[in-house]
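The structure under discussion appears below in the form of structure tokens.
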Amino acid sequence: MRGKFISVNSRSSAFAAFHNLPVRIGLCYLAAMKAKSVVVVDPEIMSGTPCFAGTRVPARTLIDHLEGGDSLDVFLEDFPTVTRKQAIAFLEEASERMLVAV
């Protein structure tokens, strides 16, 4: 079994060919995640407050509206730059993360 793995200390050509592979995969994965992100954190937008992608609307605003008894429709009327798809995706992700944490 030991012979099937490439040693990290190896200077072989096989290792040289693949030593950057995890970094490349990581960057591709990161780019794919950013493309699908519903909420982004950017220091240039609202001082890094998590906001819905493509807007300056903090994600916390949706939570505040719902906690205050407003419907999703009221939130979307108040913040027309946020799409229904974004809001629902955010709520689904929050729900999934909450259930995993329990």
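Labeling convention for the structure tokens: chains A, B, ... as they appear, residues from 1 per chain, ligands from 1 in order of appearance.
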Compile the contact shell of Leu72 of chain A as a ChimeraX atom specification: residues with an atom at most 10 Å away, counting only C-alpha atoms, same-chain residues fewer than 2 positions apart removed. /A:62-63,65-66,69-70,74-78,84,87-88
Store the residues picked out above in a file with C-alpha atoms, as a PDB file, in the first residue's frame.
```pdb
ATOM      1  CA  LEU A  62     -33.803  39.917   5.561  1.00  0.00           C
ATOM      2  CA  ILE A  63     -33.522  38.230   8.949  1.00  0.00           C
ATOM      3  CA  HIS A  65     -37.622  41.792   8.470  1.00  0.00           C
ATOM      4  CA  LEU A  66     -38.703  38.223   9.087  1.00  0.00           C
ATOM      5  CA  GLY A  69     -43.121  39.799  11.313  1.00  0.00           C
ATOM      6  CA  ASP A  70     -42.784  41.029   7.727  1.00  0.00           C
ATOM      7  CA  VAL A  74     -42.613  42.925   1.980  1.00  0.00           C
ATOM      8  CA  PHE A  75     -38.828  42.531   2.175  1.00  0.00           C
ATOM      9  CA  LEU A  76     -38.581  42.163  -1.608  1.00  0.00           C
ATOM     10  CA  GLU A  77     -40.749  45.262  -2.113  1.00  0.00           C
ATOM     11  CA  ASP A  78     -38.548  47.234   0.281  1.00  0.00           C
ATOM     12  CA  ARG A  84     -36.715  36.268  -4.739  1.00  0.00           C
ATOM     13  CA  ALA A  87     -33.619  35.507  -0.708  1.00  0.00           C
ATOM     14  CA  ILE A  88     -34.900  31.939  -0.859  1.00  0.00           C
TER      15      ILE A  88
END
```
Shell around Phe90 of chain A at 10 Å using only C-alpha atoms, local window under 5 positions removed, as a ChimeraX atom specification: /A:37-39,52,59,62,84-85,95-96
Which of A:Leu99, A:Val82, A:Gly48, A:Pro43 sits closest to Thr61 of chain A [using only C-alpha atoms]: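 The answer is A:Val82, which sits nearest to Thr61 of chain A.
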Rounded to one decimal in Å, what is the spacing between atom CA of Phe79 of chain A and atom CA of Thr55 of chain A?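 Going from atom CA of Phe79 of chain A over to atom CA of Thr55 of chain A covers 9.4 Å.
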Record the distance separating atom CA of Thr83 of chain A and atom CA of Gly54 of chain A, expressed in Å with one decimal.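 Atom-to-atom, atom CA of Thr83 of chain A to atom CA of Gly54 of chain A, that is 10.2 Å.
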Please provide the set of residues having any atom within 10 Å of Arg56 of chain A, restricted to only C-alpha atoms, with same-chain residues fewer than 6 positions apart removed, written as a list in words.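 Counting only the stated atoms, we get Val40, Ile45, Met46, Thr49, Pro50, Phe79, Thr81 and Val82 of chain A.
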Saved selection, atoms kept: N, CA and C atoms, as a PDB file, in the first residue's frame:
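Output below, filename part27.pdb:
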```pdb
ATOM      1  N   VAL A  40     -22.174  37.895  -0.378  1.00  0.00           N
ATOM      2  CA  VAL A  40     -20.746  38.151  -0.527  1.00  0.00           C
ATOM      3  C   VAL A  40     -20.259  39.075   0.584  1.00  0.00           C
ATOM      4  N   ILE A  45     -17.588  46.926  -0.109  1.00  0.00           N
ATOM      5  CA  ILE A  45     -19.053  47.061  -0.107  1.00  0.00           C
ATOM      6  C   ILE A  45     -19.537  47.005   1.335  1.00  0.00           C
ATOM      7  N   MET A  46     -20.112  48.090   1.781  1.00  0.00           N
ATOM      8  CA  MET A  46     -20.680  48.181   3.136  1.00  0.00           C
ATOM      9  C   MET A  46     -19.663  47.774   4.213  1.00  0.00           C
ATOM     10  N   THR A  49     -19.646  44.105   5.394  1.00  0.00           N
ATOM     11  CA  THR A  49     -20.868  43.490   5.914  1.00  0.00           C
ATOM     12  C   THR A  49     -21.376  42.482   4.885  1.00  0.00           C
ATOM     13  N   PRO A  50     -21.762  41.271   5.290  1.00  0.00           N
ATOM     14  CA  PRO A  50     -22.300  40.303   4.331  1.00  0.00           C
ATOM     15  C   PRO A  50     -23.552  40.861   3.640  1.00  0.00           C
ATOM     16  N   PHE A  79     -36.690  46.113  -0.832  1.00  0.00           N
ATOM     17  CA  PHE A  79     -35.330  46.003  -1.382  1.00  0.00           C
ATOM     18  C   PHE A  79     -35.395  45.333  -2.753  1.00  0.00           C
ATOM     19  N   THR A  81     -33.585  45.348  -5.289  1.00  0.00           N
ATOM     20  CA  THR A  81     -32.346  44.851  -5.904  1.00  0.00           C
ATOM     21  C   THR A  81     -32.064  43.400  -5.517  1.00  0.00           C
ATOM     22  N   VAL A  82     -32.731  42.917  -4.479  1.00  0.00           N
ATOM     23  CA  VAL A  82     -32.590  41.510  -4.073  1.00  0.00           C
ATOM     24  C   VAL A  82     -33.680  40.714  -4.788  1.00  0.00           C
TER      25      VAL A  82
END
```
Coordinates-based distance that separates atom CA of Val100 of chain A from atom CA of Arg60 of chain A (Å, one decimal):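 Computing it gives 20.3 Å between the two atoms.
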